[in-house]
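Just final22.txt here, compact mmCIF, C-alpha atoms and all ligand atoms:
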# COMPACT_ATOMS: atom_id res chain seq x y z
CA MET A 1 -49.32 22.33 -26.52
CA ARG A 2 -51.52 22.50 -29.64
CA PRO A 3 -50.40 20.44 -32.63
CA SER A 4 -49.57 22.32 -35.84
CA VAL A 5 -51.88 21.85 -38.83
CA SER A 6 -49.15 20.03 -40.76
CA PHE A 7 -48.58 17.59 -37.86
CA SER A 8 -52.33 16.97 -37.44
CA VAL A 9 -52.80 16.29 -41.16
CA THR A 10 -49.81 13.92 -41.23
CA TYR A 11 -50.93 12.10 -38.08
CA VAL A 12 -54.49 11.63 -39.40
CA LEU A 13 -52.99 10.37 -42.68
CA CYS A 14 -50.97 7.86 -40.66
CA LEU A 15 -54.08 6.69 -38.77
CA CYS A 16 -56.03 6.29 -42.04
CA LEU A 17 -53.21 4.43 -43.81
CA GLY A 18 -52.79 2.11 -40.80
CA LEU A 19 -56.51 1.36 -40.81
CA LEU A 20 -56.47 0.80 -44.59
CA CYS A 21 -53.53 -1.62 -44.22
CA LEU A 22 -55.49 -3.64 -41.62
CA LEU A 23 -58.65 -3.69 -43.75
CA SER A 24 -56.77 -4.58 -46.93
CA VAL A 25 -54.73 -7.42 -45.43
CA SER A 26 -57.91 -8.87 -43.86
CA CYS A 27 -59.82 -8.60 -47.17
CA TRP A 28 -56.91 -10.15 -49.09
CA SER A 29 -56.74 -13.11 -46.70
CA SER A 30 -60.49 -13.66 -46.56
CA TRP A 31 -61.65 -12.97 -50.14
CA TRP A 32 -58.60 -13.65 -52.32
CA ARG A 33 -56.91 -16.35 -50.27
CA GLY A 34 -60.00 -18.25 -49.07
CA GLY A 35 -60.59 -17.12 -45.47
CA PHE A 36 -59.43 -18.22 -42.03
CA SER A 37 -59.49 -21.41 -40.02
CA ARG A 38 -57.88 -22.76 -36.85
CA ASP A 39 -58.11 -26.46 -37.70
CA GLY A 40 -54.58 -26.93 -39.04
CA SER A 41 -55.75 -26.81 -42.69
CA ALA A 42 -54.10 -24.65 -45.38
CA LEU A 43 -56.47 -21.80 -44.47
CA GLN A 44 -54.82 -21.49 -41.06
CA PHE A 45 -51.91 -19.83 -42.89
CA ASN A 46 -54.11 -16.81 -43.68
CA TRP A 47 -53.82 -15.56 -40.08
CA HIS A 48 -50.09 -15.08 -40.66
CA PRO A 49 -50.18 -12.01 -42.98
CA VAL A 50 -52.95 -10.38 -40.93
CA LEU A 51 -51.17 -10.80 -37.57
CA MET A 52 -47.71 -9.87 -38.88
CA ALA A 53 -48.94 -6.72 -40.67
CA SER A 54 -51.03 -5.71 -37.62
CA GLY A 55 -48.28 -6.29 -35.05
CA LEU A 56 -45.01 -5.50 -36.80
CA VAL A 57 -46.18 -2.70 -39.06
CA VAL A 58 -49.35 -0.94 -37.85
CA LEU A 59 -49.02 -1.29 -34.05
CA CYS A 60 -45.25 -0.77 -34.09
CA GLY A 61 -45.62 2.22 -36.44
CA HIS A 62 -48.12 3.91 -34.13
CA ALA A 63 -46.10 3.02 -31.02
CA VAL A 64 -43.00 4.84 -32.30
CA LEU A 65 -45.07 8.01 -32.84
CA VAL A 66 -46.35 8.21 -29.25
CA TYR A 67 -43.73 10.79 -28.16
CA ARG A 68 -44.41 13.00 -31.17
CA VAL A 69 -47.99 13.95 -30.28
CA PRO A 70 -47.80 17.57 -28.95
CA LEU A 71 -50.88 17.11 -26.73
CA THR A 72 -48.75 14.76 -24.57
CA TRP A 73 -45.79 17.10 -24.10
CA LYS A 74 -47.09 18.88 -21.03
CA GLN A 75 -47.76 15.57 -19.28
CA LYS A 76 -45.29 13.28 -17.51
CA LYS A 77 -43.07 11.46 -19.97
CA HIS A 78 -43.28 8.33 -17.82
CA THR A 79 -46.95 7.78 -18.79
CA TRP A 80 -46.05 7.89 -22.49
CA LYS A 81 -43.08 5.60 -21.96
CA LEU A 82 -45.54 3.07 -20.48
CA LEU A 83 -47.85 3.45 -23.50
CA HIS A 84 -44.90 3.16 -25.96
CA ALA A 85 -43.64 0.02 -24.18
CA GLY A 86 -47.16 -1.46 -23.77
CA LEU A 87 -47.99 -1.03 -27.47
CA MET A 88 -44.62 -2.58 -28.41
CA LEU A 89 -45.27 -5.55 -26.11
CA LEU A 90 -48.70 -6.01 -27.71
CA ALA A 91 -47.13 -5.75 -31.18
CA LEU A 92 -44.61 -8.45 -30.28
CA LEU A 93 -47.30 -10.75 -28.83
CA VAL A 94 -49.47 -10.37 -31.94
CA SER A 95 -46.55 -11.11 -34.25
CA VAL A 96 -45.38 -14.10 -32.19
CA LEU A 97 -48.95 -15.48 -32.44
CA GLY A 98 -48.82 -15.10 -36.22
CA HIS A 99 -45.28 -16.42 -36.57
CA ILE A 100 -44.67 -19.51 -38.73
CA PRO A 101 -41.38 -21.21 -37.87
CA ASP A 102 -39.48 -22.09 -41.05
CA LEU A 103 -36.18 -20.96 -42.42
CA TYR A 104 -36.06 -21.77 -46.08
CA SER A 105 -36.81 -18.47 -47.82
CA LEU A 106 -35.32 -14.98 -47.71
CA HIS A 107 -38.65 -13.80 -46.31
CA SER A 108 -38.41 -16.18 -43.36
CA TRP A 109 -34.83 -15.08 -42.62
CA VAL A 110 -35.82 -11.40 -42.63
CA GLY A 111 -38.91 -12.21 -40.53
CA ILE A 112 -36.95 -14.12 -37.88
CA CYS A 113 -34.29 -11.38 -37.67
CA THR A 114 -37.07 -8.79 -37.23
CA VAL A 115 -38.77 -10.69 -34.39
CA LEU A 116 -35.41 -11.40 -32.68
CA MET A 117 -34.32 -7.73 -32.89
CA PHE A 118 -37.76 -6.68 -31.67
CA THR A 119 -37.43 -8.95 -28.63
CA VAL A 120 -33.91 -7.67 -27.80
CA GLN A 121 -35.09 -4.05 -28.19
CA LEU A 122 -38.07 -4.66 -25.94
CA VAL A 123 -36.03 -6.30 -23.17
CA LEU A 124 -33.32 -3.58 -23.31
CA GLY A 125 -35.97 -0.84 -23.46
CA LEU A 126 -37.84 -2.20 -20.44
CA ALA A 127 -34.66 -2.71 -18.43
CA GLY A 128 -32.94 0.51 -19.50
CA PHE A 129 -35.79 3.03 -19.46
CA LEU A 130 -38.38 1.67 -17.05
CA LEU A 131 -36.44 0.01 -14.22
CA PRO A 132 -36.00 2.71 -11.56
CA CYS A 133 -32.57 1.31 -10.68
CA SER A 134 -31.16 1.76 -14.21
CA PRO A 135 -28.30 4.30 -13.96
CA LEU A 136 -28.18 7.61 -15.84
CA TRP A 137 -25.14 6.67 -17.89
CA LEU A 138 -26.97 3.55 -19.14
CA ARG A 139 -30.06 5.56 -20.17
CA SER A 140 -28.07 8.16 -22.07
CA THR A 141 -25.89 5.53 -23.79
CA LEU A 142 -28.89 3.41 -24.66
CA LYS A 143 -31.11 6.16 -26.07
CA PRO A 144 -29.37 6.81 -29.44
CA VAL A 145 -28.84 3.05 -29.92
CA HIS A 146 -32.50 2.44 -29.09
CA VAL A 147 -33.74 5.07 -31.57
CA TRP A 148 -31.44 3.75 -34.32
CA MET A 149 -32.43 0.11 -33.68
CA GLY A 150 -36.13 1.09 -33.53
CA LYS A 151 -35.91 2.57 -37.03
CA ALA A 152 -33.98 -0.47 -38.30
CA ILE A 153 -36.71 -2.74 -36.86
CA LEU A 154 -39.39 -0.73 -38.61
CA ILE A 155 -37.56 -1.03 -41.95
CA LEU A 156 -37.12 -4.79 -41.40
CA SER A 157 -40.83 -5.11 -40.48
CA LEU A 158 -41.89 -3.41 -43.71
CA THR A 159 -39.45 -5.57 -45.71
CA SER A 160 -40.74 -8.77 -44.01
CA CYS A 161 -44.37 -7.94 -44.86
CA VAL A 162 -43.75 -6.93 -48.47
CA SER A 163 -41.45 -9.91 -49.15
CA GLY A 164 -43.96 -12.27 -47.51
CA ILE A 165 -46.87 -11.02 -49.61
CA ASN A 166 -44.73 -11.32 -52.75
CA GLU A 167 -43.67 -14.86 -51.79
CA LYS A 168 -47.27 -15.91 -51.16
CA LEU A 169 -48.28 -14.54 -54.58
CA PHE A 170 -45.54 -16.55 -56.31
CA PHE A 171 -46.50 -19.76 -54.50
CA ALA A 172 -50.25 -19.30 -54.87
CA LEU A 173 -50.44 -18.01 -58.43
CA ASN A 174 -47.78 -20.25 -59.96
CA GLY A 175 -49.09 -23.25 -58.05
CA SER A 176 -52.77 -22.86 -58.90
CA SER A 177 -52.39 -22.85 -62.70
CA GLY A 178 -49.49 -23.82 -64.89
CA GLU A 179 -49.34 -20.38 -66.52
CA PRO A 180 -46.31 -18.10 -66.12
CA TYR A 181 -46.61 -15.49 -63.36
CA ASN A 182 -46.72 -12.47 -65.69
CA SER A 183 -49.80 -13.78 -67.53
CA LEU A 184 -51.81 -14.20 -64.31
CA PRO A 185 -54.28 -11.56 -63.02
CA ALA A 186 -52.74 -8.86 -60.83
CA GLU A 187 -53.97 -9.38 -57.29
CA PHE A 188 -55.20 -6.91 -54.71
CA ALA A 189 -51.95 -7.80 -52.91
CA ASN A 190 -49.95 -5.31 -55.02
CA SER A 191 -52.08 -2.46 -53.67
CA LEU A 192 -51.72 -3.87 -50.16
CA CYS A 193 -47.92 -3.64 -50.47
CA VAL A 194 -48.22 -0.06 -51.75
CA LEU A 195 -50.33 0.82 -48.69
CA ILE A 196 -47.83 -0.79 -46.30
CA VAL A 197 -44.94 1.12 -47.89
CA ALA A 198 -46.98 4.36 -47.85
CA PHE A 199 -47.76 3.88 -44.13
CA GLY A 200 -44.07 3.24 -43.35
CA SER A 201 -42.98 6.29 -45.37
CA VAL A 202 -45.36 8.59 -43.47
CA VAL A 203 -44.13 7.19 -40.10
CA PHE A 204 -40.53 7.85 -41.18
CA GLY A 205 -41.56 11.30 -42.41
CA VAL A 206 -42.81 12.14 -38.89
CA LEU A 207 -39.70 10.66 -37.20
CA SER A 208 -37.37 12.64 -39.47
CA ARG A 209 -38.82 16.07 -38.51
CA SER A 210 -36.87 17.45 -35.57
CA LYS A 211 -39.50 20.23 -35.23
CA TRP A 212 -42.02 17.58 -34.18
CA GLN A 213 -39.79 16.09 -31.46
CA ARG A 214 -40.85 16.21 -27.81
CA PRO A 215 -38.96 19.15 -26.21
CA GLU A 216 -36.39 18.14 -23.58
CA THR A 217 -36.34 21.59 -21.96
CA ASP A 218 -39.34 21.41 -19.63
CA GLY A 219 -37.88 19.26 -16.89
CA GLU A 220 -39.08 16.11 -18.64
CA SER A 221 -35.81 14.81 -20.11
CA ASP A 222 -34.67 11.30 -19.23
CA HIS A 223 -31.91 12.70 -17.00
CA LEU A 224 -34.12 14.98 -14.99
CA LEU A 225 -36.87 12.40 -14.81
CA SER A 226 -34.61 9.81 -13.31
CA GLU A 227 -33.13 12.36 -10.92
CA ILE A 228 -36.59 13.04 -9.52
CA GLY A 229 -37.35 9.32 -9.54
CA THR A 230 -40.08 9.10 -12.23
C1 LIG B 301 -39.26 -3.42 -29.67
C2 LIG B 301 -39.79 -2.41 -29.25
C3 LIG B 301 -39.41 -0.96 -29.49
C4 LIG B 301 -39.17 -0.27 -30.65
C5 LIG B 301 -39.20 -0.82 -32.08
C6 LIG B 301 -38.92 1.12 -30.26
C7 LIG B 301 -38.65 2.15 -31.15
C8 LIG B 301 -38.40 3.45 -30.80
C9 LIG B 301 -38.17 4.55 -31.72
C10 LIG B 301 -38.15 4.45 -33.24
C11 LIG B 301 -37.97 5.67 -30.99
C12 LIG B 301 -37.73 7.10 -31.52
C13 LIG B 301 -39.04 7.88 -31.38
C14 LIG B 301 -38.90 9.36 -31.71
O1 LIG B 301 -37.92 9.76 -32.33
O2 LIG B 301 -39.83 10.12 -31.36
C15 LIG B 301 -38.03 5.29 -29.60
C16 LIG B 301 -37.83 6.16 -28.55
C17 LIG B 301 -37.85 5.79 -27.22
N1 LIG B 301 -38.25 4.57 -26.70
FE1 LIG B 301 -38.66 2.91 -27.78
N2 LIG B 301 -38.99 1.22 -28.90
C18 LIG B 301 -39.29 -0.03 -28.39
C19 LIG B 301 -39.46 -0.37 -27.06
C20 LIG B 301 -39.29 0.49 -25.97
C21 LIG B 301 -39.47 0.15 -24.58
C22 LIG B 301 -39.87 -1.22 -24.05
C23 LIG B 301 -39.22 1.26 -23.87
C24 LIG B 301 -39.33 1.39 -22.37
C25 LIG B 301 -39.89 2.40 -21.84
C26 LIG B 301 -38.85 2.33 -24.78
C27 LIG B 301 -38.51 3.63 -24.46
C28 LIG B 301 -38.17 4.64 -25.33
C29 LIG B 301 -37.68 5.95 -24.95
C30 LIG B 301 -37.42 6.46 -23.52
C31 LIG B 301 -37.46 6.66 -26.13
C32 LIG B 301 -36.87 8.07 -26.27
C33 LIG B 301 -37.96 9.09 -26.46
C34 LIG B 301 -37.34 10.47 -26.57
O3 LIG B 301 -36.93 10.99 -25.56
O4 LIG B 301 -37.27 10.99 -27.70
N3 LIG B 301 -38.92 1.83 -26.06
N4 LIG B 301 -38.33 3.95 -29.51
Starting from the file, give its structure as structure tokens.
Amino acid sequence: MRPSVSFSVTYVLCLCLGLLCLLSVSCWSSWWRGGFSRDGSALQFNWHPVLMASGLVVLCGHAVLVYRVPLTWKQKKHTWKLLHAGLMLLALLVSVLGHIPDLYSLHSWVGICTVLMFTVQLVLGLAGFLLPCSPLWLRSTLKPVHVWMGKAILILSLTSCVSGINEKLFFALNGSSGEPYNSLPAEFANSLCVLIVAFGSVVFGVLSRSKWQRPETDGESDHLLSEIGT
């Protein structure tokens, strides 16, 4: 099935915004925040925004769109389930690598909830949709919950990243000079947050269009798939 022009334009926009998010967060960490290290010094922190934005926002955002690409609709859904699950697993691994365990700020609470929900969703998704022995009633009960929780996770991921960037700005700018925050130079980080929010909005735009949903009528629905053992 050929994608419509409006879908293609939106999908390319999503790819470009995702790439811009990755470039911007890397530039912010290396040029504005002093670069990266792995020696336990303060610069080690700079991996955190890069890994969290890459895993929780960009990878997760692209992983939720896998089923929406019309070129995949004539192929077996199972293949795309594997890609969806694989990208999510990679997203979780990247964000666990970048995770900093502390619980004192609102940002850290939101971040921990996001990673915990992500882990629960991944385990339930793997068990419910990929295990051949998972019963039909479980798949059909799980699907709406899974889609709802997936969207909630994406919102939490965006909130974690934006609140983390804001928190870092407050710590770094207020700490480096005694001047009040509003008299300090605006950082590149504001634009980075705008890009992250723009990326998330486009992903939600795609998810909200029922016209762009994978059709269930061609023998590829979850029910039929499990009946024929795929
Ligand atoms: C933490 C990781 C995950 C998140 C955040 C997530 C999120 C989502 C979202 C938002 C959707 C809706 C997509 C749409 O409307 O087109 C979805 C659909 C789906 N996901 Fe996941 N997912 C995750 C992991 C998994 C895993 C591990 C599997 C196992 C195969 C899986 C299987 C599915 C299936 C079967 C659908 C329904 C597709 C359809 O028929 O429309 N997901 N997921």
With a cut-off of 8 Å, could you pull out the residues of chain A touching ligand LIG 301 (chain B) and give me the nearest pair of atoms for each, distance in Å to one decimal, using all atoms listed in the file, ordered by chain and ascending number, as CSV?
residue,atom,partner,partner_atom,distance
A:Cys60,CA,B:LIG301,C5,6.4
A:Ala63,CA,B:LIG301,C6,7.5
A:Val64,CA,B:LIG301,C9,4.9
A:Leu65,CA,B:LIG301,O2,5.8
A:Val66,CA,B:LIG301,O2,7.1
A:Tyr67,CA,B:LIG301,O2,5.1
A:Arg68,CA,B:LIG301,O2,5.4
A:His78,CA,B:LIG301,C25,7.9
A:Lys81,CA,B:LIG301,C25,4.5
A:Leu82,CA,B:LIG301,C25,5.8
A:His84,CA,B:LIG301,N3,6.1
A:Ala85,CA,B:LIG301,C22,4.0
A:Gly86,CA,B:LIG301,C22,7.3
A:Met88,CA,B:LIG301,C2,4.9
A:Leu89,CA,B:LIG301,C2,7.1
A:Leu92,CA,B:LIG301,C1,7.4
A:Met117,CA,B:LIG301,C1,7.3
A:Phe118,CA,B:LIG301,C1,4.1
A:Thr119,CA,B:LIG301,C1,5.9
A:Val120,CA,B:LIG301,C1,7.1
A:Gln121,CA,B:LIG301,C1,4.5
A:Leu122,CA,B:LIG301,C1,4.1
A:Val123,CA,B:LIG301,C22,6.4
A:Leu124,CA,B:LIG301,C22,7.0
A:Gly125,CA,B:LIG301,C21,3.8
A:Leu126,CA,B:LIG301,C22,4.3
A:Ala127,CA,B:LIG301,C24,7.4
A:Gly128,CA,B:LIG301,C24,7.1
A:Phe129,CA,B:LIG301,C25,4.8
A:Leu130,CA,B:LIG301,C25,5.1
A:Lys143,CA,B:LIG301,C32,6.1
A:His146,CA,B:LIG301,N4,6.0
A:Val147,CA,B:LIG301,C11,4.3
A:Trp148,CA,B:LIG301,C10,6.8
A:Met149,CA,B:LIG301,C7,7.0
A:Gly150,CA,B:LIG301,C7,3.6
A:Lys151,CA,B:LIG301,C10,4.8
A:Ile153,CA,B:LIG301,C5,5.7
A:Leu154,CA,B:LIG301,C5,6.5
A:Leu207,CA,B:LIG301,O1,5.3
A:Ser208,CA,B:LIG301,O1,7.7
A:Gln213,CA,B:LIG301,O2,6.0
A:Arg214,CA,B:LIG301,O4,6.3
A:Glu216,CA,B:LIG301,O3,7.4
A:Ser221,CA,B:LIG301,O3,6.7
A:Asp222,CA,B:LIG301,O3,6.7
Do you have, as JSON lines, the list of residues of stretch 87-126 of chain A lying at most 12 Å from stretch 37-53 of chain A, each with its nearest atom pair and that distance in Å to one decimal, counting all atoms listed in the file and ordered by chain then number?
{"residue": "A:Leu90", "atom": "CA", "partner": "A:Leu51", "partner_atom": "CA", "distance": 11.2}
{"residue": "A:Ala91", "atom": "CA", "partner": "A:Met52", "partner_atom": "CA", "distance": 8.8}
{"residue": "A:Leu92", "atom": "CA", "partner": "A:Met52", "partner_atom": "CA", "distance": 9.3}
{"residue": "A:Leu93", "atom": "CA", "partner": "A:Leu51", "partner_atom": "CA", "distance": 9.6}
{"residue": "A:Val94", "atom": "CA", "partner": "A:Leu51", "partner_atom": "CA", "distance": 5.9}
{"residue": "A:Ser95", "atom": "CA", "partner": "A:Met52", "partner_atom": "CA", "distance": 4.9}
{"residue": "A:Val96", "atom": "CA", "partner": "A:Met52", "partner_atom": "CA", "distance": 8.3}
{"residue": "A:Leu97", "atom": "CA", "partner": "A:Leu51", "partner_atom": "CA", "distance": 7.3}
{"residue": "A:Gly98", "atom": "CA", "partner": "A:His48", "partner_atom": "CA", "distance": 4.6}
{"residue": "A:His99", "atom": "CA", "partner": "A:His48", "partner_atom": "CA", "distance": 6.5}
{"residue": "A:Ile100", "atom": "CA", "partner": "A:His48", "partner_atom": "CA", "distance": 7.3}
{"residue": "A:Pro101", "atom": "CA", "partner": "A:His48", "partner_atom": "CA", "distance": 11.0}
{"residue": "A:Gly111", "atom": "CA", "partner": "A:Met52", "partner_atom": "CA", "distance": 9.3}
{"residue": "A:Ile112", "atom": "CA", "partner": "A:Met52", "partner_atom": "CA", "distance": 11.6}
{"residue": "A:Thr114", "atom": "CA", "partner": "A:Met52", "partner_atom": "CA", "distance": 10.8}
{"residue": "A:Val115", "atom": "CA", "partner": "A:Met52", "partner_atom": "CA", "distance": 10.0}
*Quick one: everything within 9 Å of A:Phe204, counting all atoms listed in the file, minus sequence neighbours fewer than 5 positions away in the same chain. Send it as a list in words.*
Gly61, Lys151, Phe199 and Arg209 of chain A
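Our summary of the geometry notes that atom CA of A:Trp109 is positioned 17.2 Å from atom CA of A:Val57.
Minimum distance to A:Ser54 across A:Val69, A:Leu136, A:Val145, A:Ile196 (counting all atoms listed in the file) occurs at A:Ile196.
In this comparison, which uses all atoms listed in the file, the residue of A:Ser140, A:Gln75, A:Ser163, A:Ser24 approaching A:Ser105 most closely is A:Ser163.
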*Nearest residue to A:Leu192 from the set A:Val206, A:Leu13, A:Cys113, A:Leu23 (distances using all atoms listed in the file)*: A:Leu23
*Could you tell me which of A:Thr141, A:Thr79, A:Ser108, A:Ser8 comes closest to A:Lys168 if we count only C-alpha atoms?*
A:Ser108
*Expressed in Å to a single decimal, how great is the separation between atom CA of A:Val202 and atom CA of A:Leu22?*
16.0 Å
*asked:* I need every residue sitting at most 10 Å from the point (-43.8, -12.4, -50.0) (coordinates as in the file, all atoms listed in the file considered), written as a list in words.
replied: Pro49, Ser105, Leu106, His107, Ser108, Thr159, Ser160, Cys161, Val162, Ser163, Gly164, Ile165, Asn166, Glu167, Lys168, Leu169, Phe170, Phe171, Ala189 and Cys193 of chain A
*What does the distance from atom CA of A:Leu116 to atom CA of A:Val58 come to in Å, to one decimal?*
18.2 Å
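Across A:Val194, A:Leu142, A:Leu173, A:Leu20, the tightest approach to A:Arg33 is made by A:Leu173 when counting only C-alpha atoms.
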*Quick one: everything within 9 Å of A:Pro70, counting all atoms listed in the file, minus sequence neighbours fewer than 3 positions away in the same chain. Send it as an MDAnalysis selection string.*
chainID A and resid 1:4 7 67 73:74 212:214
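Compared by their closest atoms to A:Ala152, and using only C-alpha atoms, the residues A:Phe36, A:Val110, A:Pro135, A:Phe188 rank with A:Val110 nearest.
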Kindly output stretch 192-219 of chain A as a short mmCIF file (atom, residue, chain, number, x, y, z; two decimals), in the frame of the given file, after building N, CA and C atoms.
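Output (selection08.cif):
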data_model
loop_
_atom_site.label_atom_id
_atom_site.label_comp_id
_atom_site.auth_asym_id
_atom_site.auth_seq_id
_atom_site.Cartn_x
_atom_site.Cartn_y
_atom_site.Cartn_z
N LEU A 192 -51.98 -3.71 -51.59
CA LEU A 192 -51.72 -3.87 -50.16
C LEU A 192 -50.26 -3.50 -49.85
N CYS A 193 -49.34 -3.97 -50.69
CA CYS A 193 -47.92 -3.64 -50.47
C CYS A 193 -47.69 -2.13 -50.61
N VAL A 194 -48.36 -1.51 -51.57
CA VAL A 194 -48.22 -0.06 -51.75
C VAL A 194 -48.69 0.66 -50.48
N LEU A 195 -49.81 0.19 -49.91
CA LEU A 195 -50.33 0.82 -48.69
C LEU A 195 -49.36 0.66 -47.53
N ILE A 196 -48.78 -0.54 -47.40
CA ILE A 196 -47.83 -0.79 -46.30
C ILE A 196 -46.61 0.13 -46.43
N VAL A 197 -46.11 0.25 -47.67
CA VAL A 197 -44.94 1.12 -47.89
C VAL A 197 -45.32 2.59 -47.64
N ALA A 198 -46.54 2.97 -48.07
CA ALA A 198 -46.98 4.36 -47.85
C ALA A 198 -47.08 4.65 -46.35
N PHE A 199 -47.64 3.71 -45.58
CA PHE A 199 -47.76 3.88 -44.13
C PHE A 199 -46.35 4.07 -43.51
N GLY A 200 -45.43 3.17 -43.89
CA GLY A 200 -44.07 3.24 -43.35
C GLY A 200 -43.41 4.57 -43.71
N SER A 201 -43.62 5.04 -44.94
CA SER A 201 -42.98 6.29 -45.37
C SER A 201 -43.50 7.47 -44.55
N VAL A 202 -44.81 7.47 -44.25
CA VAL A 202 -45.36 8.59 -43.47
C VAL A 202 -44.80 8.54 -42.03
N VAL A 203 -44.70 7.32 -41.45
CA VAL A 203 -44.13 7.19 -40.10
C VAL A 203 -42.69 7.74 -40.10
N PHE A 204 -41.90 7.36 -41.11
CA PHE A 204 -40.53 7.85 -41.18
C PHE A 204 -40.48 9.36 -41.42
N GLY A 205 -41.47 9.86 -42.18
CA GLY A 205 -41.56 11.30 -42.41
C GLY A 205 -41.71 12.03 -41.08
N VAL A 206 -42.59 11.51 -40.21
CA VAL A 206 -42.81 12.14 -38.89
C VAL A 206 -41.52 12.05 -38.06
N LEU A 207 -40.91 10.85 -38.02
CA LEU A 207 -39.70 10.66 -37.20
C LEU A 207 -38.55 11.56 -37.66
N SER A 208 -38.53 11.88 -38.97
CA SER A 208 -37.37 12.64 -39.47
C SER A 208 -37.50 14.15 -39.21
N ARG A 209 -38.65 14.62 -38.74
CA ARG A 209 -38.82 16.07 -38.51
C ARG A 209 -38.45 16.45 -37.08
N SER A 210 -37.31 17.11 -36.94
CA SER A 210 -36.87 17.45 -35.57
C SER A 210 -37.82 18.46 -34.93
N LYS A 211 -38.52 19.25 -35.75
CA LYS A 211 -39.50 20.23 -35.23
C LYS A 211 -40.63 19.54 -34.46
N TRP A 212 -40.91 18.30 -34.80
CA TRP A 212 -42.02 17.58 -34.18
C TRP A 212 -41.56 16.69 -33.01
N GLN A 213 -40.32 16.91 -32.56
CA GLN A 213 -39.79 16.09 -31.46
C GLN A 213 -40.25 16.65 -30.12
N ARG A 214 -40.47 15.77 -29.17
CA ARG A 214 -40.85 16.21 -27.81
C ARG A 214 -39.73 17.07 -27.22
N PRO A 215 -40.04 18.31 -26.76
CA PRO A 215 -38.96 19.15 -26.21
C PRO A 215 -38.38 18.55 -24.94
N GLU A 216 -37.06 18.70 -24.77
CA GLU A 216 -36.39 18.14 -23.58
C GLU A 216 -36.18 19.22 -22.53
N THR A 217 -36.73 20.43 -22.78
CA THR A 217 -36.34 21.59 -21.96
C THR A 217 -37.28 21.87 -20.80
N ASP A 218 -38.35 21.06 -20.65
CA ASP A 218 -39.34 21.41 -19.63
C ASP A 218 -39.26 20.53 -18.39
N GLY A 219 -38.03 20.08 -18.09
CA GLY A 219 -37.88 19.26 -16.89
C GLY A 219 -38.35 17.83 -17.10
#
